[in-house]
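Colleague: Here it is, the structure, as C-alpha cells.
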Amino acid sequence: MDILKQKFQAKAFALFKANKDMLKEHGDLAIDKVSIRQMFGGMRGMKSMVWETSELDAYEGIRFRGYSIRQLRKALPKAEGCKEPLPEGLFWLMLVGDIPTDREVKWLSEEWKKRSSVPDHTFKMLDSLPATTHPMTQFSAAILSMQTESVFAKRYAEGISKQDYWDAYYEDTMNLVACLPRVAAYIYRRTYFNNEHIAPNPDLDWGANFAHMLGVSDNPDFMSLMRLYLTIHADHEGGNASAHTTHLVGSTLSDPYYSLSGGMNALAGPLHGLANQEVIKWILNMVEDLGTDTPTSDQITDYINKTLAEGKVIPGYGHAVLRQPDPRYMAQRVFAEDYISDDPIVKIVWKLFDIVPPLLQDLGKVKNPWPNVDAHSGALLMHYGLKDFSFYTVLFGVSRAMGVLASGVWSRALGMPLERPKSLTSLAIKNFIEKETTATKE
Ligand code: CMX
C-alpha cells in the first residue's frame with residue numbers, strides 16, 4: 001500500500017468509527033429546519049451533506065481543512081524558485097488533513113506521472129468530434145471515455161466488499177487526476193492549434209507540466225500562475241453544483257469517472273464554472289463596443305447598466321454563499337499586482353471591483369455584490385497568451401477534480417449511502433401551510 005493510501009486508511013477508519021458512535025448517541029438531533037423559501041430557493045444554506053475536504057464561510061471564504069488560501073500560500077510546499085503552492089500539496093492536505101512535507105509532495109508528483117497514461121481510444125474519440133465542440137463537452141466526454149479503466153467498476157463486478165470501496169475509489173481518483181492535464185491539453189491543442197500536440201515533460205510537476213503542454217507561454221511565471229490557479233479552484237465545500245453532482249452520482253456507486261463527468265457537466269453552466277469564460281467575453285465585448293481598452297468609470301458604468309437592462313447578470317459577481325469579496329479573487333489579484341499590474345485588461349478588472357458592487361446593491365435584490373473567483377482568472381490567462389476563453393472552464397475542471405474526487409474517497413470510506421432526498425409538490429406544500437395556519441389559529 002502506498003504512503004498516501006496508508007495515511008488515508010488510518011484516518012478514515014478512525015473517523016468512520018467516531019461517526020458511528022456519534023450517530024448512535026446523537027443521530028436524532030436536528031441541526032436545522034428546512035424552510036419553504038429554501039425548498040423553492042435552490043436549497044440555499046440547507047445543511048444536508050457531510051464534506052470533509054473544505055468548508056465555506058460566507059464572510060471568510062473557503063478553508064481547506066481549516067487553512068485559508070492566504071495560509072496555504074505560505075504553508076504548502078513549493079517548486080524551486082516559485083512563490084505559489086504546488087497543487088499536489090493541496091490534494092494531499094484535502095485527502096488526509098495534514099500539510100505534506102516536500103518529500104511527500106515530490107512522491108505524489110512522481111506517482112501521478114506514473115499514472116498519467118491516457119488510453120488511446122480517448123484521443124481517438126476526441127478526434128472524432130467536430131473541432132467546434134465546446135471544450136467542456138470534449139472534457140466531460142473524454143473523462144467518461146476513460147471509464148473503461150475504472151478499477152472500482154472492475155472490482156465491483158468481481159464482488160468487492162463494502163469495506164474496500166474506498167480503496168478502489170482511491171486508485172481511480174489517483175489515476176484520473178494524474179491524466180487530466182494531458183487530456184485537457186490535448187483538447188486545447190486540437191481545438192485551437194490544429195491538432196499540434198506537445199509531449200509531457202517528465203521533469204515538471206503536475207501544474208507546470210500542464211502549463212507546458214498548453215504551449216502558450218515560455219514564461220516561468222505562467223507555470224507559477226497555473227500552480228496557483230489549480231490550487232485555488234480545487235474545492236468549495238460540498239453544496240456547489242459541480243461538487244454536489246459528483247457526490248450525488250458517486251452515491252449510486254457509479255465509479256469516479258461517471259461521477260466526475262457528471263460534475264463537469266454541472267461546472268459547464270454559466271451560473272457556475274462557465275462564468276470564467278463569460279467574464280472575459282463580456283469585458284472584451286465592452287472594449288470592442290467602446291473602442292478603447294482604457295474605458296473611463298462613466299463608460300464602464302453605462303455598459304454595466306446596459307447589460308442589466310438587457311436582463312442579463314454581470315458575470316463574475318455574486319455568490320450563493322459568499323457575502324464578501326471571494327478570497328480566491330483576492331489571491332489572483334495579489335498575483336496580478338506582483339507580476340502584471342500594467343496589463344490593460346487587469347486594470348479593467350480592478351476598476352470593475354470598484355464600480356460593479358454599488359450598482360448591484362442598488363438593484364435591491366442581489367445578496368452579494370462582490371466579485372467571485374471567476375471575475376479575475378481570465379485577465380491573468382489572457383496576459384500569458386491563453387486567449388481562447390471557451391477553454392477556461394476546462395482549467396477550472398482540472399482543478400475541481402482534485403477536491404470532488406478526494407471527497408469521493410472519503411464518502412466511500414465513511415460508508416455514505418445512496419442520496420435520496422424527499423421532494424414535495426406545490427399542492428402538498430400549500431396543504432401543509434393550510435394545516436399549519438389552521439392549527440395555530442385554533
Ligand atoms: N448580476 C445581476 N443580477 C444578479 C447577480 C449579478 N452578478 N447576482 C445575483 N443577481 C440577481 C439574481 O439573478 C436574482 O435575481 P432574480 O430574483 O430576478 O432572479 C437576485 O439577484 C438574487 O440572487 P442572489 O440570491 O443574490 O444570488 P443566487 O444565490 O440566486 O445566485 C449566482 C448566485 C452566482 C448564480 C448569481 O450571483 C449570478 O448569477 N452571478 C453571475 C454568474 C457568476 O458569476 N457565477 C459564478 C459563481 C461562482 C462559481 O460557481 O464559479
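Order determines the names: the first chain of the C-alpha cells is A, the second B, and so forth; residues in each chain are numbered 1 upward, and ligands are numbered 1 upward as they are shown.
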Let me see if you get this right: every residue at most 8 Å from ligand 1, counting only C-alpha atoms and all ligand atoms, written as a PyMOL selection string.
Modeller: chain A and resi 41-42+44+240-241+267+270-276+279+308+312-321+360+363+365-369+371-375
Colleague: Any idea what's packed within 7 Å of range 419-436 of chain A, counting only C-alpha atoms, ignoring anything in its chain fewer than 2 positions away? Could you give it as a list in words?
Modeller: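 Selected residues are Leu248, Ser251, Pro417, Thr438, Ala439 and Thr440 of chain A.
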Colleague: Write out, as a short mmCIF file (atom, residue, chain, number, x, y, z; two decimals), in the first residue's frame, the residues just selected, with N, CA, C and O atoms.
Modeller:
data_model
loop_
_atom_site.label_atom_id
_atom_site.label_comp_id
_atom_site.auth_asym_id
_atom_site.auth_seq_id
_atom_site.Cartn_x
_atom_site.Cartn_y
_atom_site.Cartn_z
N LEU A 248 -23.46 13.21 -5.68
CA LEU A 248 -24.73 12.50 -5.91
C LEU A 248 -24.53 11.29 -6.81
O LEU A 248 -24.99 10.19 -6.50
N SER A 251 -22.80 8.55 -5.12
CA SER A 251 -23.58 7.86 -4.07
C SER A 251 -24.33 6.65 -4.62
O SER A 251 -24.75 5.78 -3.87
N PRO A 417 -24.42 6.58 2.16
CA PRO A 417 -25.41 5.82 1.39
C PRO A 417 -25.85 6.53 0.11
O PRO A 417 -25.45 7.68 -0.14
N THR A 438 -54.10 26.80 10.21
CA THR A 438 -55.35 26.50 10.94
C THR A 438 -55.01 26.06 12.36
O THR A 438 -55.64 26.50 13.32
N ALA A 439 -53.99 25.23 12.48
CA ALA A 439 -53.61 24.72 13.82
C ALA A 439 -53.20 25.88 14.73
O ALA A 439 -53.57 25.90 15.90
N THR A 440 -52.47 26.89 14.18
CA THR A 440 -52.03 27.99 15.07
C THR A 440 -53.20 28.90 15.43
O THR A 440 -53.21 29.50 16.50
#
Colleague: Using only C-alpha atoms, determine which residues lie at most 12 Å from Phe193 in chain A, disregarding the query and same-chain residues fewer than 2 positions distant; provide the list as a PyMOL selection string.
Modeller: chain A and resi 131+185-191+195-198+213-216+386+388
Colleague: Output C-alpha atoms of each residue in that selection to a file, as a PDB file, in the first residue's frame.
Modeller:
ATOM      1  CA  ALA A 131     -13.310  20.856 -33.566  1.00  0.00           C
ATOM      2  CA  ALA A 185      -4.066  19.975 -23.051  1.00  0.00           C
ATOM      3  CA  TYR A 186      -4.984  17.583 -25.876  1.00  0.00           C
ATOM      4  CA  ILE A 187      -8.417  19.213 -26.117  1.00  0.00           C
ATOM      5  CA  TYR A 188      -6.815  22.656 -26.146  1.00  0.00           C
ATOM      6  CA  ARG A 189      -4.293  21.872 -28.863  1.00  0.00           C
ATOM      7  CA  ARG A 190      -6.757  20.014 -31.102  1.00  0.00           C
ATOM      8  CA  THR A 191      -9.315  22.779 -30.814  1.00  0.00           C
ATOM      9  CA  ASN A 195      -4.056  19.175 -33.540  1.00  0.00           C
ATOM     10  CA  GLU A 196      -0.395  20.013 -32.973  1.00  0.00           C
ATOM     11  CA  HIS A 197       0.373  18.485 -29.590  1.00  0.00           C
ATOM     12  CA  ILE A 198       3.176  18.980 -27.090  1.00  0.00           C
ATOM     13  CA  MET A 213       1.579  21.090 -22.672  1.00  0.00           C
ATOM     14  CA  LEU A 214      -0.778  24.009 -23.331  1.00  0.00           C
ATOM     15  CA  GLY A 215       2.124  25.651 -25.130  1.00  0.00           C
ATOM     16  CA  VAL A 216       1.022  29.272 -24.851  1.00  0.00           C
ATOM     17  CA  LEU A 386      -4.193  31.838 -23.219  1.00  0.00           C
ATOM     18  CA  ASP A 388      -9.161  31.088 -26.178  1.00  0.00           C
TER      19      ASP A 388
END
Colleague: Please tabulate, as a tab-separated table, the residues of range 366-415 of chain A that come within 12 Å of range 176-182 of chain A, each with its closest pair of atoms and the distance in Å to one decimal, counting only C-alpha atoms and ordering rows by chain, then residue number upward.
Modeller:
residue	atom	partner	partner_atom	distance
A:Val394	CA	A:Pro181	CA	9.7
A:Leu395	CA	A:Pro181	CA	8.7
A:Phe396	CA	A:Pro181	CA	11.3
A:Gly397	CA	A:Leu180	CA	9.0
A:Val398	CA	A:Leu180	CA	6.0
A:Ser399	CA	A:Val177	CA	8.8
A:Arg400	CA	A:Val177	CA	9.9
A:Ala401	CA	A:Val177	CA	6.7
A:Met402	CA	A:Val177	CA	6.5
A:Gly403	CA	A:Val177	CA	10.1
A:Val404	CA	A:Val177	CA	10.6
A:Leu405	CA	A:Val177	CA	8.4
A:Ala406	CA	A:Val177	CA	9.8
Colleague: Quick one: residues within 6 Å of range 162-166 of chain A, only C-alpha atoms counted, chain neighbours fewer than 6 positions away excluded, as a ChimeraX atom specification?
Modeller: /A:409,412-413
Colleague: Which residue out of A:Ala18, A:Gly311, A:Gly61, A:Thr122 has the minimum interatomic distance to Arg323 in chain A when only C-alpha atoms are used?
Modeller: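 Closest to Arg323 in chain A of all the choices is A:Gly61.
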Colleague: Can you tell me, as a PyMOL selection string, which residues in range 66-310 of chain A count as alpha helix (DSSP H) by DSSP?
Modeller: chain A and resi 69-75+87-96+102-114+120-128+135-145+151-158+165-192+206-214+220-232+241-251+256-267+275-290+297-309
Colleague: Kindly save the residues from that selection, with C-alpha atoms included, as a compact mmCIF listing (two decimals), in the first residue's frame.
Modeller:
# COMPACT_ATOMS: atom_id res chain seq x y z
CA ILE A 69 -5.92 30.46 0.93
CA ARG A 70 -3.58 33.06 2.40
CA GLN A 71 -2.27 30.49 4.92
CA LEU A 72 -1.92 27.83 2.25
CA ARG A 73 0.15 30.08 0.02
CA LYS A 74 2.67 30.15 2.84
CA ALA A 75 2.35 26.65 4.26
CA PRO A 87 -1.46 21.80 -6.14
CA GLU A 88 -0.26 18.29 -5.32
CA GLY A 89 0.22 19.55 -1.77
CA LEU A 90 -3.39 20.68 -1.57
CA PHE A 91 -4.63 17.30 -2.78
CA TRP A 92 -2.59 15.63 -0.03
CA LEU A 93 -3.97 18.04 2.56
CA MET A 94 -7.56 17.53 1.42
CA LEU A 95 -7.20 13.77 1.47
CA VAL A 96 -5.51 13.25 4.82
CA ASP A 102 8.45 18.47 0.47
CA ARG A 103 9.31 14.78 0.17
CA GLU A 104 5.68 13.69 0.33
CA VAL A 105 4.68 16.17 -2.37
CA LYS A 106 7.58 15.04 -4.54
CA TRP A 107 6.39 11.47 -4.10
CA LEU A 108 2.85 12.43 -5.16
CA SER A 109 4.12 14.31 -8.20
CA GLU A 110 6.12 11.25 -9.29
CA GLU A 111 3.18 8.94 -8.56
CA TRP A 112 0.87 10.99 -10.80
CA LYS A 113 3.47 10.91 -13.56
CA LYS A 114 3.47 7.10 -13.39
CA ASP A 120 -5.60 5.70 -26.96
CA HIS A 121 -9.33 5.43 -27.55
CA THR A 122 -9.86 8.69 -25.61
CA PHE A 123 -7.70 10.59 -28.09
CA LYS A 124 -9.47 8.84 -30.99
CA MET A 125 -12.87 9.69 -29.54
CA LEU A 126 -11.84 13.34 -29.17
CA ASP A 127 -10.53 13.40 -32.74
CA SER A 128 -13.91 12.16 -33.96
CA PRO A 135 -14.10 22.22 -24.80
CA MET A 136 -16.25 21.36 -21.75
CA THR A 137 -18.27 18.88 -23.83
CA GLN A 138 -15.00 17.37 -25.01
CA PHE A 139 -13.66 17.26 -21.45
CA SER A 140 -16.71 15.57 -19.98
CA ALA A 141 -16.85 13.06 -22.85
CA ALA A 142 -13.11 12.34 -22.51
CA ILE A 143 -13.47 11.61 -18.79
CA LEU A 144 -16.39 9.30 -19.49
CA SER A 145 -14.47 7.55 -22.27
CA VAL A 151 -10.58 -0.04 -11.01
CA PHE A 152 -13.74 0.49 -8.93
CA ALA A 153 -16.07 -0.75 -11.69
CA LYS A 154 -13.86 -3.79 -12.31
CA ARG A 155 -13.55 -4.72 -8.66
CA TYR A 156 -17.26 -4.13 -8.06
CA ALA A 157 -18.09 -6.54 -10.90
CA GLU A 158 -15.76 -9.07 -9.26
CA TYR A 165 -14.86 0.54 -1.78
CA TRP A 166 -12.62 3.42 -0.69
CA ASP A 167 -9.50 1.53 -1.79
CA ALA A 168 -10.72 1.08 -5.37
CA TYR A 169 -12.07 4.66 -5.36
CA TYR A 170 -8.65 5.91 -4.28
CA GLU A 171 -6.99 4.10 -7.20
CA ASP A 172 -9.41 5.62 -9.72
CA THR A 173 -9.02 9.06 -8.17
CA MET A 174 -5.25 8.98 -8.38
CA ASN A 175 -5.32 7.69 -11.97
CA LEU A 176 -7.93 10.17 -13.09
CA VAL A 177 -6.34 13.26 -11.54
CA ALA A 178 -2.98 12.19 -13.00
CA CYS A 179 -4.43 12.00 -16.53
CA LEU A 180 -6.48 15.20 -16.60
CA PRO A 181 -3.77 17.72 -17.60
CA ARG A 182 -2.84 15.57 -20.60
CA VAL A 183 -6.48 15.20 -21.63
CA ALA A 184 -7.20 18.90 -21.16
CA ALA A 185 -4.07 19.98 -23.05
CA TYR A 186 -4.98 17.58 -25.88
CA ILE A 187 -8.42 19.21 -26.12
CA TYR A 188 -6.82 22.66 -26.15
CA ARG A 189 -4.29 21.87 -28.86
CA ARG A 190 -6.76 20.01 -31.10
CA THR A 191 -9.32 22.78 -30.81
CA TYR A 192 -7.13 25.85 -31.24
CA TRP A 206 1.69 18.37 -12.29
CA GLY A 207 0.72 22.04 -12.72
CA ALA A 208 3.85 23.15 -14.56
CA ASN A 209 3.62 20.22 -16.95
CA PHE A 210 0.04 21.21 -17.73
CA ALA A 211 1.19 24.77 -18.50
CA HIS A 212 3.97 23.32 -20.67
CA MET A 213 1.58 21.09 -22.67
CA LEU A 214 -0.78 24.01 -23.33
CA PRO A 220 8.03 30.57 -15.94
CA ASP A 221 5.53 32.96 -14.33
CA PHE A 222 2.81 31.22 -16.36
CA MET A 223 3.76 27.97 -14.61
CA SER A 224 3.50 29.77 -11.27
CA LEU A 225 0.08 31.08 -12.26
CA MET A 226 -1.05 27.60 -13.26
CA ARG A 227 0.04 26.17 -9.88
CA LEU A 228 -1.89 28.90 -8.09
CA TYR A 229 -4.91 28.53 -10.35
CA LEU A 230 -5.07 24.75 -9.88
CA THR A 231 -4.78 25.18 -6.12
CA ILE A 232 -7.47 27.78 -5.52
CA ALA A 241 -23.24 22.36 -8.22
CA SER A 242 -20.14 20.53 -9.52
CA ALA A 243 -19.25 19.07 -6.12
CA HIS A 244 -22.79 18.14 -5.29
CA THR A 245 -23.33 16.48 -8.68
CA THR A 246 -20.13 14.46 -8.36
CA HIS A 247 -21.19 13.46 -4.85
CA LEU A 248 -24.73 12.50 -5.91
CA VAL A 249 -23.62 10.39 -8.86
CA GLY A 250 -20.97 8.71 -6.68
CA SER A 251 -23.58 7.86 -4.07
CA PRO A 256 -15.27 8.20 -10.19
CA TYR A 257 -15.20 8.52 -13.99
CA TYR A 258 -19.01 8.67 -14.20
CA SER A 259 -19.17 10.93 -11.16
CA LEU A 260 -16.59 13.43 -12.34
CA SER A 261 -18.02 13.57 -15.85
CA GLY A 262 -21.40 14.43 -14.27
CA GLY A 263 -19.78 17.06 -12.06
CA MET A 264 -18.11 18.63 -15.09
CA ASN A 265 -21.49 18.92 -16.82
CA ALA A 266 -22.65 21.00 -13.85
CA LEU A 267 -19.49 23.10 -13.93
CA ALA A 275 -18.78 32.23 -15.69
CA ASN A 276 -14.99 32.46 -16.14
CA GLN A 277 -15.38 32.47 -19.94
CA GLU A 278 -18.41 34.75 -19.71
CA VAL A 279 -16.47 37.36 -17.72
CA ILE A 280 -13.71 37.79 -20.26
CA LYS A 281 -16.15 37.61 -23.17
CA TRP A 282 -18.15 40.40 -21.55
CA ILE A 283 -15.04 42.53 -20.91
CA LEU A 284 -13.75 42.05 -24.47
CA ASN A 285 -17.16 42.97 -25.89
CA MET A 286 -17.13 46.09 -23.74
CA VAL A 287 -13.65 47.04 -25.01
CA GLU A 288 -14.80 46.48 -28.60
CA ASP A 289 -18.08 48.37 -28.19
CA LEU A 290 -16.36 51.33 -26.54
CA SER A 297 -15.55 54.84 -14.98
CA ASP A 298 -18.58 56.51 -16.60
CA GLN A 299 -18.24 54.38 -19.74
CA ILE A 300 -17.99 51.22 -17.63
CA THR A 301 -21.00 52.24 -15.55
CA ASP A 302 -23.07 52.77 -18.70
CA TYR A 303 -22.00 49.39 -20.03
CA ILE A 304 -22.96 47.62 -16.78
CA ASN A 305 -26.34 49.36 -16.76
CA LYS A 306 -26.91 48.34 -20.38
CA THR A 307 -26.13 44.69 -19.50
CA LEU A 308 -28.55 44.78 -16.57
CA ALA A 309 -31.23 46.50 -18.66
Colleague: Would you list the contacts of Gln332 in chain A as a PyMOL selection string, taking every protein, DNA or RNA residue within 8 Å and counting only C-alpha atoms, but skipping same-chain residues closer than 4 positions in sequence?
Modeller: chain A and resi 328+336+376-377+380
Colleague: Name the residues in contact with range 32-35 of chain A at a cut-off of 7 Å, using only C-alpha atoms, excluding same-chain residues fewer than 4 positions from it; report them as a list in words.
Modeller: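 Once the nearby chain positions are removed, what remains is Met39, Met46 and Lys47 of chain A.
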Colleague: Looking at only C-alpha atoms, which of A:Gly97, A:Pro295, A:Glu149, A:Gly378 is the one that sits closest to Lys7 in chain A?
Modeller: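 Result for the nearest residue to Lys7 in chain A: A:Gly97.
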Colleague: Tell me, in Å to one decimal, how far CA of Leu15 in chain A is from CA of Glu52 in chain A.
Modeller: 10.5 Å
